[in-house]
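Here's the structure, in C-alpha coordinates; my notes come after.
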Amino acid sequence: MDSAFDSLDAAGFLQIWQNFDIDDNGYIEGKELDDFFRHMMKKLGINDEVSEEKVRRLRDRFMSAYDTTDDGRLQIQELAAMMLPEDENFLLVFRRETPLNNSVEFMKIWRKYDADSSGFISAIELKGFLHDLFLQHKKSISPDKLEEYTDTMMKMFDKNKDGRLDLNDLARILALKENFLLKFKMDACSLEDRKRDFEKIFAHYDVSQTGALEGPEVDGFVKDMMELVKPSISGTDLDKFRKVLLGHCDMNGDGKIQRNELALCLGLKLC
(Lines give C-alpha, C1' and ligand atoms only; values in the text may rest on other atoms or scores of the structure.)
Protein backbone atom coordinates (compact mmCIF):
# COMPACT_ATOMS: atom_id res chain seq x y z
CA MET A 1 0.00 0.00 0.00
CA ASP A 2 1.37 3.41 -0.92
CA SER A 3 2.33 5.87 1.81
CA ALA A 4 -0.20 8.35 0.38
CA PHE A 5 -2.88 6.28 2.07
CA ASP A 6 -1.15 5.80 5.45
CA SER A 7 -3.46 8.20 7.24
CA LEU A 8 -6.65 6.81 5.73
CA ASP A 9 -9.13 5.38 8.25
CA ALA A 10 -12.32 3.36 7.88
CA ALA A 11 -14.56 6.44 7.65
CA GLY A 12 -12.39 7.97 4.93
CA PHE A 13 -12.36 4.67 3.07
CA LEU A 14 -16.16 4.62 3.14
CA GLN A 15 -16.30 8.06 1.52
CA ILE A 16 -13.91 7.02 -1.26
CA TRP A 17 -15.81 3.78 -1.84
CA GLN A 18 -19.19 5.49 -2.12
CA ASN A 19 -17.76 7.99 -4.63
CA PHE A 20 -16.80 5.25 -7.06
CA ASP A 21 -19.31 2.44 -6.43
CA ILE A 22 -21.94 4.62 -8.04
CA ASP A 23 -24.48 1.86 -8.64
CA ASP A 24 -23.93 0.45 -5.12
CA ASN A 25 -23.40 -3.15 -6.21
CA GLY A 26 -20.45 -3.95 -3.96
CA TYR A 27 -17.69 -3.61 -6.55
CA ILE A 28 -16.30 -1.17 -9.10
CA GLU A 29 -15.70 -2.00 -12.74
CA GLY A 30 -15.68 -0.42 -16.19
CA LYS A 31 -15.86 3.38 -16.11
CA GLU A 32 -16.02 3.36 -12.28
CA LEU A 33 -12.67 1.54 -12.26
CA ASP A 34 -11.02 4.01 -14.66
CA ASP A 35 -12.31 6.95 -12.62
CA PHE A 36 -10.92 5.35 -9.46
CA PHE A 37 -7.42 5.01 -10.92
CA ARG A 38 -7.47 8.59 -12.22
CA HIS A 39 -8.32 9.67 -8.68
CA MET A 40 -5.50 7.50 -7.33
CA MET A 41 -2.92 9.05 -9.68
CA LYS A 42 -3.86 12.52 -8.40
CA LYS A 43 -3.84 11.25 -4.80
CA LEU A 44 -0.33 9.86 -5.30
CA GLY A 45 0.85 13.29 -6.40
CA ILE A 46 1.38 12.50 -10.06
CA ASN A 47 1.37 15.98 -11.57
CA ASP A 48 1.91 14.99 -15.20
CA GLU A 49 -1.02 14.86 -17.56
CA VAL A 50 -3.17 11.86 -16.67
CA SER A 51 -3.56 10.18 -20.05
CA GLU A 52 -5.72 7.16 -20.85
CA GLU A 53 -2.57 5.12 -21.41
CA LYS A 54 -1.19 6.00 -17.96
CA VAL A 55 -4.53 5.12 -16.35
CA ARG A 56 -4.56 1.79 -18.18
CA ARG A 57 -1.00 0.92 -17.10
CA LEU A 58 -1.68 1.78 -13.46
CA ARG A 59 -4.96 -0.13 -13.51
CA ASP A 60 -3.33 -3.24 -15.00
CA ARG A 61 -0.52 -3.14 -12.43
CA PHE A 62 -2.85 -2.86 -9.46
CA MET A 63 -5.43 -5.30 -10.81
CA SER A 64 -2.79 -7.99 -11.26
CA ALA A 65 -1.79 -7.56 -7.61
CA TYR A 66 -5.15 -6.96 -5.92
CA ASP A 67 -7.89 -8.49 -8.08
CA THR A 68 -7.83 -11.72 -6.06
CA THR A 69 -10.95 -13.12 -7.71
CA ASP A 70 -9.54 -12.40 -11.19
CA ASP A 71 -12.88 -11.12 -12.46
CA GLY A 72 -11.71 -7.78 -13.83
CA ARG A 73 -13.33 -5.75 -11.10
CA LEU A 74 -12.45 -4.64 -7.59
CA GLN A 75 -14.58 -5.82 -4.70
CA ILE A 76 -14.80 -3.78 -1.53
CA GLN A 77 -12.47 -6.18 0.34
CA GLU A 78 -9.86 -5.98 -2.42
CA LEU A 79 -9.94 -2.19 -2.38
CA ALA A 80 -9.62 -2.20 1.41
CA ALA A 81 -6.47 -4.33 1.10
CA MET A 82 -5.01 -1.75 -1.26
CA MET A 83 -5.83 1.40 0.66
CA LEU A 84 -6.32 0.86 4.40
CA PRO A 85 -3.52 0.73 6.97
CA GLU A 86 -3.15 -2.63 8.69
CA ASP A 87 -4.88 -1.58 11.90
CA GLU A 88 -7.83 -0.17 9.95
CA ASN A 89 -8.16 -3.04 7.51
CA PHE A 90 -10.97 -4.71 9.43
CA LEU A 91 -12.87 -5.64 6.27
CA LEU A 92 -10.28 -8.25 5.42
CA VAL A 93 -10.95 -10.03 8.70
CA PHE A 94 -14.14 -11.41 7.19
CA ARG A 95 -12.60 -12.75 4.00
CA ARG A 96 -9.38 -13.96 5.62
CA GLU A 97 -10.56 -15.30 8.95
CA THR A 98 -14.09 -16.43 8.15
CA PRO A 99 -14.10 -18.10 4.74
CA LEU A 100 -17.58 -19.33 3.88
CA ASN A 101 -17.91 -21.99 1.23
CA ASN A 102 -21.57 -22.82 1.65
CA SER A 103 -24.84 -21.43 2.89
CA VAL A 104 -25.04 -23.86 5.82
CA GLU A 105 -22.14 -22.18 7.62
CA PHE A 106 -23.59 -18.79 6.71
CA MET A 107 -26.96 -19.70 8.24
CA LYS A 108 -25.30 -20.86 11.47
CA ILE A 109 -23.90 -17.33 11.83
CA TRP A 110 -27.20 -15.74 10.84
CA ARG A 111 -29.21 -17.73 13.40
CA LYS A 112 -26.71 -17.00 16.17
CA TYR A 113 -26.65 -13.23 15.72
CA ASP A 114 -30.27 -12.64 14.71
CA ALA A 115 -30.85 -13.08 18.43
CA ASP A 116 -34.42 -11.79 18.49
CA SER A 117 -35.41 -13.83 15.39
CA SER A 118 -36.60 -10.65 13.70
CA GLY A 119 -35.27 -11.71 10.30
CA PHE A 120 -32.69 -8.91 10.37
CA ILE A 121 -29.38 -8.07 12.06
CA SER A 122 -29.67 -4.86 14.08
CA ALA A 123 -26.74 -2.55 14.86
CA ILE A 124 -26.53 -4.04 18.37
CA GLU A 125 -26.47 -7.58 16.96
CA LEU A 126 -23.84 -6.58 14.40
CA LYS A 127 -21.71 -5.15 17.20
CA GLY A 128 -21.97 -8.47 19.04
CA PHE A 129 -20.86 -10.31 15.90
CA LEU A 130 -17.86 -8.01 15.41
CA HIS A 131 -16.89 -8.25 19.07
CA ASP A 132 -16.96 -12.05 18.97
CA LEU A 133 -15.03 -12.17 15.71
CA PHE A 134 -12.17 -10.05 17.05
CA LEU A 135 -12.20 -11.96 20.34
CA GLN A 136 -12.12 -15.31 18.53
CA HIS A 137 -8.99 -14.30 16.65
CA LYS A 138 -7.35 -12.69 19.69
CA LYS A 139 -7.48 -9.18 18.24
CA SER A 140 -7.85 -6.41 20.81
CA ILE A 141 -10.37 -3.68 20.10
CA SER A 142 -11.45 -0.67 22.17
CA PRO A 143 -15.14 0.10 22.76
CA ASP A 144 -14.83 3.29 20.70
CA LYS A 145 -13.22 1.46 17.78
CA LEU A 146 -15.85 -1.30 17.94
CA GLU A 147 -18.54 1.37 17.79
CA GLU A 148 -16.83 2.97 14.79
CA TYR A 149 -16.48 -0.36 12.99
CA THR A 150 -20.13 -1.21 13.62
CA ASP A 151 -21.29 2.14 12.30
CA THR A 152 -19.04 1.92 9.24
CA MET A 153 -20.09 -1.64 8.41
CA MET A 154 -23.75 -0.72 8.73
CA LYS A 155 -23.34 2.28 6.41
CA MET A 156 -21.32 0.26 3.93
CA PHE A 157 -23.50 -2.82 3.65
CA ASP A 158 -27.03 -1.74 4.61
CA LYS A 159 -28.28 -1.57 1.01
CA ASN A 160 -31.71 -0.05 1.66
CA LYS A 161 -30.48 2.21 4.52
CA ASP A 162 -33.07 1.02 7.05
CA GLY A 163 -30.54 0.64 9.86
CA ARG A 164 -30.42 -3.16 9.79
CA LEU A 165 -28.88 -5.93 7.70
CA ASP A 166 -30.82 -8.55 5.78
CA LEU A 167 -29.58 -11.91 4.54
CA ASN A 168 -28.01 -10.46 1.40
CA ASP A 169 -26.24 -7.70 3.31
CA LEU A 170 -24.58 -10.18 5.67
CA ALA A 171 -23.70 -12.45 2.74
CA ARG A 172 -21.81 -9.52 1.17
CA ILE A 173 -19.93 -8.84 4.41
CA LEU A 174 -18.88 -12.47 4.75
CA ALA A 175 -18.07 -12.84 1.03
CA LEU A 176 -20.31 -15.91 0.77
CA LYS A 177 -19.51 -17.88 -2.36
CA GLU A 178 -21.90 -18.24 -5.27
CA ASN A 179 -25.15 -20.15 -4.78
CA PHE A 180 -24.23 -23.84 -5.06
CA LEU A 181 -27.46 -24.69 -6.87
CA LEU A 182 -26.52 -22.49 -9.82
CA LYS A 183 -24.13 -25.24 -10.88
CA PHE A 184 -27.00 -27.53 -11.81
CA LYS A 185 -29.61 -27.64 -14.55
CA MET A 186 -32.89 -28.11 -12.78
CA ASP A 187 -34.45 -29.39 -16.01
CA ALA A 188 -31.85 -32.11 -16.60
CA CYS A 189 -33.27 -34.44 -19.23
CA SER A 190 -32.41 -37.94 -18.13
CA LEU A 191 -33.37 -39.59 -14.85
CA GLU A 192 -29.76 -40.60 -14.31
CA ASP A 193 -28.59 -36.99 -14.64
CA ARG A 194 -31.22 -35.86 -12.15
CA LYS A 195 -30.24 -38.58 -9.65
CA ARG A 196 -26.56 -37.74 -9.98
CA ASP A 197 -27.23 -34.05 -9.44
CA PHE A 198 -29.47 -34.82 -6.47
CA GLU A 199 -26.73 -36.82 -4.73
CA LYS A 200 -24.23 -33.97 -5.17
CA ILE A 201 -26.73 -31.42 -3.89
CA PHE A 202 -27.76 -33.45 -0.85
CA ALA A 203 -24.13 -34.19 0.08
CA HIS A 204 -23.31 -30.47 -0.12
CA TYR A 205 -25.99 -29.47 2.39
CA ASP A 206 -25.68 -32.55 4.62
CA VAL A 207 -22.64 -31.05 6.32
CA SER A 208 -23.04 -33.29 9.38
CA GLN A 209 -23.18 -36.37 7.10
CA THR A 210 -26.10 -37.86 8.99
CA GLY A 211 -28.22 -38.63 5.95
CA ALA A 212 -30.73 -35.94 6.94
CA LEU A 213 -30.87 -32.16 6.68
CA GLU A 214 -31.61 -30.39 9.96
CA GLY A 215 -31.27 -26.95 11.53
CA PRO A 216 -28.92 -24.72 9.53
CA GLU A 217 -28.62 -27.41 6.83
CA VAL A 218 -32.30 -26.95 6.03
CA ASP A 219 -31.84 -23.17 6.27
CA GLY A 220 -28.94 -23.23 3.82
CA PHE A 221 -30.83 -25.35 1.31
CA VAL A 222 -33.93 -23.16 1.60
CA LYS A 223 -31.90 -19.97 1.17
CA ASP A 224 -30.25 -21.19 -2.02
CA MET A 225 -33.50 -22.60 -3.42
CA MET A 226 -35.35 -19.34 -2.84
CA GLU A 227 -32.59 -17.23 -4.36
CA LEU A 228 -32.91 -19.12 -7.64
CA VAL A 229 -36.22 -17.35 -8.21
CA LYS A 230 -35.93 -14.35 -5.87
CA PRO A 231 -32.40 -12.93 -5.64
CA SER A 232 -33.16 -10.73 -2.62
CA ILE A 233 -34.84 -12.50 0.29
CA SER A 234 -35.39 -11.55 3.92
CA GLY A 235 -35.01 -13.67 7.01
CA THR A 236 -38.80 -13.61 7.31
CA ASP A 237 -39.19 -14.94 3.76
CA LEU A 238 -36.76 -17.73 4.56
CA ASP A 239 -38.60 -18.76 7.73
CA LYS A 240 -41.92 -18.90 5.88
CA PHE A 241 -40.58 -21.07 3.07
CA ARG A 242 -38.70 -23.26 5.54
CA LYS A 243 -42.00 -24.01 7.30
CA VAL A 244 -43.66 -24.82 3.97
CA LEU A 245 -40.80 -27.10 2.90
CA LEU A 246 -40.78 -29.01 6.18
CA GLY A 247 -44.54 -29.36 6.04
CA HIS A 248 -44.28 -30.85 2.56
CA CYS A 249 -41.15 -33.00 2.93
CA ASP A 250 -40.90 -33.99 6.60
CA MET A 251 -43.13 -37.03 6.31
CA ASN A 252 -42.19 -38.63 9.66
CA GLY A 253 -42.48 -35.35 11.57
CA ASP A 254 -39.01 -35.44 13.14
CA GLY A 255 -38.13 -31.86 12.14
CA LYS A 256 -35.54 -33.09 9.66
CA ILE A 257 -35.54 -33.79 5.93
CA GLN A 258 -34.28 -37.28 5.26
CA ARG A 259 -32.50 -38.03 1.98
CA ASN A 260 -35.39 -40.09 0.63
CA GLU A 261 -37.93 -37.49 1.79
CA LEU A 262 -36.23 -34.72 -0.18
CA ALA A 263 -35.89 -36.98 -3.20
CA LEU A 264 -39.63 -37.72 -3.18
CA CYS A 265 -40.42 -34.01 -2.83
CA LEU A 266 -38.33 -33.39 -5.94
CA GLY A 267 -40.03 -36.20 -7.86
CA LEU A 268 -37.21 -38.73 -7.61
CA LYS A 269 -37.41 -42.32 -6.47
CA LEU A 270 -34.10 -43.56 -5.10
CA CYS A 271 -33.09 -47.20 -5.09
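As shown in the C-alpha coordinates, the chain order sets the letters A, B, ...; within each chain, residues go from 1, and ligands are also counted from 1 in the order they appear.
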Would you please give, as a PyMOL selection string, all residues of stretch 52-261 of chain A that DSSP assigns to strand (DSSP E or B) based on the backbone? chain A and resi 74-75+121-122+164-165+212-213+257-258
Check which residues of stretch 58-169 of chain A sit at most 6 Å from stretch 216-219 of chain A using only C-alpha atoms, and return one row each with the closest pair of atoms and their distance in Å to one decimal, ordered by chain and rising number, as a Markdown table.
| residue | atom | partner | partner_atom | distance |
| --- | --- | --- | --- | --- |
| A:Val104 | CA | A:Glu217 | CA | 5.1 |
| A:Met107 | CA | A:Pro216 | CA | 5.5 |
| A:Lys108 | CA | A:Pro216 | CA | 5.6 |
Within 10 Å of stretch 190-202 of chain A, counting only C-alpha atoms, which residues qualify if same-chain residues fewer than 3 places away don't, as a list in words?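 Non-adjacent residues within range: Phe180, Leu181, Lys183, Phe184, Lys185, Met186, Asp187, Tyr205, Asp206, Val207, Gln209, Gly211, Ala212, Leu213, Glu217, Phe221, Gln258, Arg259, Leu262, Ala263, Leu266, Gly267, Leu268, Lys269 and Leu270 of chain A.
Coordinates place atom CA of A:Arg172 at a distance of 28.6 Å from atom CA of A:Lys256.
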So that I can check the surroundings of A:Phe129, please list as a list in words every protein, DNA and RNA residue that reaches within 10 Å of it, counting only C-alpha atoms and ignoring chain neighbours fewer than 2 positions away.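 Everything that qualifies: Ile109, Trp110, Lys112, Tyr113, Asp114, Ile121, Ala123, Ile124, Glu125, Leu126, Lys127, His131, Asp132, Leu133, Phe134, Leu135 and Thr150 of chain A.
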DSSP on the backbone: which residues in stretch 33-71 of chain A end up as helix (DSSP H, G or I)? Give the answer as a ChimeraX atom specification. /A:33-43,52-66
Go ahead and write the residues just picked, N, CA and C atoms, as a PDB file, in the first residue's frame.
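And here is the file that came out, part-v2.pdb:
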ATOM      1  N   LEU A  33     -14.047   1.968 -12.522  1.00  0.00           N
ATOM      2  CA  LEU A  33     -12.672   1.540 -12.259  1.00  0.00           C
ATOM      3  C   LEU A  33     -11.674   2.549 -12.827  1.00  0.00           C
ATOM      4  N   ASP A  34     -11.910   3.008 -14.059  1.00  0.00           N
ATOM      5  CA  ASP A  34     -11.018   4.008 -14.657  1.00  0.00           C
ATOM      6  C   ASP A  34     -11.030   5.299 -13.844  1.00  0.00           C
ATOM      7  N   ASP A  35     -12.215   5.727 -13.425  1.00  0.00           N
ATOM      8  CA  ASP A  35     -12.313   6.949 -12.621  1.00  0.00           C
ATOM      9  C   ASP A  35     -11.557   6.800 -11.308  1.00  0.00           C
ATOM     10  N   PHE A  36     -11.635   5.592 -10.714  1.00  0.00           N
ATOM     11  CA  PHE A  36     -10.921   5.349  -9.461  1.00  0.00           C
ATOM     12  C   PHE A  36      -9.417   5.499  -9.650  1.00  0.00           C
ATOM     13  N   PHE A  37      -8.860   4.938 -10.733  1.00  0.00           N
ATOM     14  CA  PHE A  37      -7.415   5.005 -10.921  1.00  0.00           C
ATOM     15  C   PHE A  37      -6.958   6.417 -11.317  1.00  0.00           C
ATOM     16  N   ARG A  38      -7.806   7.182 -11.984  1.00  0.00           N
ATOM     17  CA  ARG A  38      -7.466   8.593 -12.215  1.00  0.00           C
ATOM     18  C   ARG A  38      -7.360   9.329 -10.880  1.00  0.00           C
ATOM     19  N   HIS A  39      -8.329   9.064 -10.012  1.00  0.00           N
ATOM     20  CA  HIS A  39      -8.316   9.673  -8.685  1.00  0.00           C
ATOM     21  C   HIS A  39      -7.059   9.256  -7.917  1.00  0.00           C
ATOM     22  N   MET A  40      -6.682   7.990  -8.040  1.00  0.00           N
ATOM     23  CA  MET A  40      -5.499   7.496  -7.330  1.00  0.00           C
ATOM     24  C   MET A  40      -4.231   8.196  -7.819  1.00  0.00           C
ATOM     25  N   MET A  41      -4.118   8.392  -9.138  1.00  0.00           N
ATOM     26  CA  MET A  41      -2.919   9.047  -9.675  1.00  0.00           C
ATOM     27  C   MET A  41      -2.787  10.466  -9.116  1.00  0.00           C
ATOM     28  N   LYS A  42      -3.895  11.176  -8.982  1.00  0.00           N
ATOM     29  CA  LYS A  42      -3.860  12.519  -8.396  1.00  0.00           C
ATOM     30  C   LYS A  42      -3.520  12.444  -6.910  1.00  0.00           C
ATOM     31  N   LYS A  43      -4.075  11.433  -6.232  1.00  0.00           N
ATOM     32  CA  LYS A  43      -3.837  11.247  -4.799  1.00  0.00           C
ATOM     33  C   LYS A  43      -2.367  10.943  -4.524  1.00  0.00           C
ATOM     34  N   GLU A  52      -5.032   8.449 -20.886  1.00  0.00           N
ATOM     35  CA  GLU A  52      -5.721   7.161 -20.853  1.00  0.00           C
ATOM     36  C   GLU A  52      -4.714   6.012 -20.752  1.00  0.00           C
ATOM     37  N   GLU A  53      -3.583   6.170 -21.431  1.00  0.00           N
ATOM     38  CA  GLU A  53      -2.568   5.121 -21.413  1.00  0.00           C
ATOM     39  C   GLU A  53      -1.982   4.961 -20.011  1.00  0.00           C
ATOM     40  N   LYS A  54      -1.730   6.067 -19.315  1.00  0.00           N
ATOM     41  CA  LYS A  54      -1.193   5.997 -17.957  1.00  0.00           C
ATOM     42  C   LYS A  54      -2.215   5.373 -17.003  1.00  0.00           C
ATOM     43  N   VAL A  55      -3.474   5.719 -17.175  1.00  0.00           N
ATOM     44  CA  VAL A  55      -4.528   5.122 -16.351  1.00  0.00           C
ATOM     45  C   VAL A  55      -4.578   3.619 -16.581  1.00  0.00           C
ATOM     46  N   ARG A  56      -4.489   3.222 -17.857  1.00  0.00           N
ATOM     47  CA  ARG A  56      -4.556   1.785 -18.182  1.00  0.00           C
ATOM     48  C   ARG A  56      -3.397   1.019 -17.557  1.00  0.00           C
ATOM     49  N   ARG A  57      -2.175   1.597 -17.653  1.00  0.00           N
ATOM     50  CA  ARG A  57      -0.999   0.916 -17.098  1.00  0.00           C
ATOM     51  C   ARG A  57      -1.108   0.768 -15.582  1.00  0.00           C
ATOM     52  N   LEU A  58      -1.539   1.841 -14.913  1.00  0.00           N
ATOM     53  CA  LEU A  58      -1.679   1.776 -13.455  1.00  0.00           C
ATOM     54  C   LEU A  58      -2.756   0.774 -13.061  1.00  0.00           C
ATOM     55  N   ARG A  59      -3.870   0.803 -13.794  1.00  0.00           N
ATOM     56  CA  ARG A  59      -4.959  -0.128 -13.505  1.00  0.00           C
ATOM     57  C   ARG A  59      -4.490  -1.572 -13.661  1.00  0.00           C
ATOM     58  N   ASP A  60      -3.791  -1.875 -14.760  1.00  0.00           N
ATOM     59  CA  ASP A  60      -3.325  -3.241 -15.004  1.00  0.00           C
ATOM     60  C   ASP A  60      -2.370  -3.700 -13.911  1.00  0.00           C
ATOM     61  N   ARG A  61      -1.492  -2.772 -13.467  1.00  0.00           N
ATOM     62  CA  ARG A  61      -0.523  -3.143 -12.433  1.00  0.00           C
ATOM     63  C   ARG A  61      -1.218  -3.480 -11.116  1.00  0.00           C
ATOM     64  N   PHE A  62      -2.156  -2.629 -10.725  1.00  0.00           N
ATOM     65  CA  PHE A  62      -2.852  -2.862  -9.461  1.00  0.00           C
ATOM     66  C   PHE A  62      -3.816  -4.045  -9.543  1.00  0.00           C
ATOM     67  N   MET A  63      -4.476  -4.201 -10.680  1.00  0.00           N
ATOM     68  CA  MET A  63      -5.427  -5.303 -10.813  1.00  0.00           C
ATOM     69  C   MET A  63      -4.716  -6.647 -10.741  1.00  0.00           C
ATOM     70  N   SER A  64      -3.525  -6.730 -11.309  1.00  0.00           N
ATOM     71  CA  SER A  64      -2.792  -7.992 -11.259  1.00  0.00           C
ATOM     72  C   SER A  64      -2.382  -8.342  -9.839  1.00  0.00           C
ATOM     73  N   ALA A  65      -2.214  -7.322  -8.993  1.00  0.00           N
ATOM     74  CA  ALA A  65      -1.795  -7.561  -7.608  1.00  0.00           C
ATOM     75  C   ALA A  65      -2.966  -7.726  -6.654  1.00  0.00           C
ATOM     76  N   TYR A  66      -4.069  -7.022  -6.913  1.00  0.00           N
ATOM     77  CA  TYR A  66      -5.147  -6.960  -5.918  1.00  0.00           C
ATOM     78  C   TYR A  66      -6.466  -7.587  -6.353  1.00  0.00           C
TER      79      TYR A  66
END
Atom-to-atom span, atom CA of A:Leu165 and atom CA of A:Ser122, Å: 6.5 Å
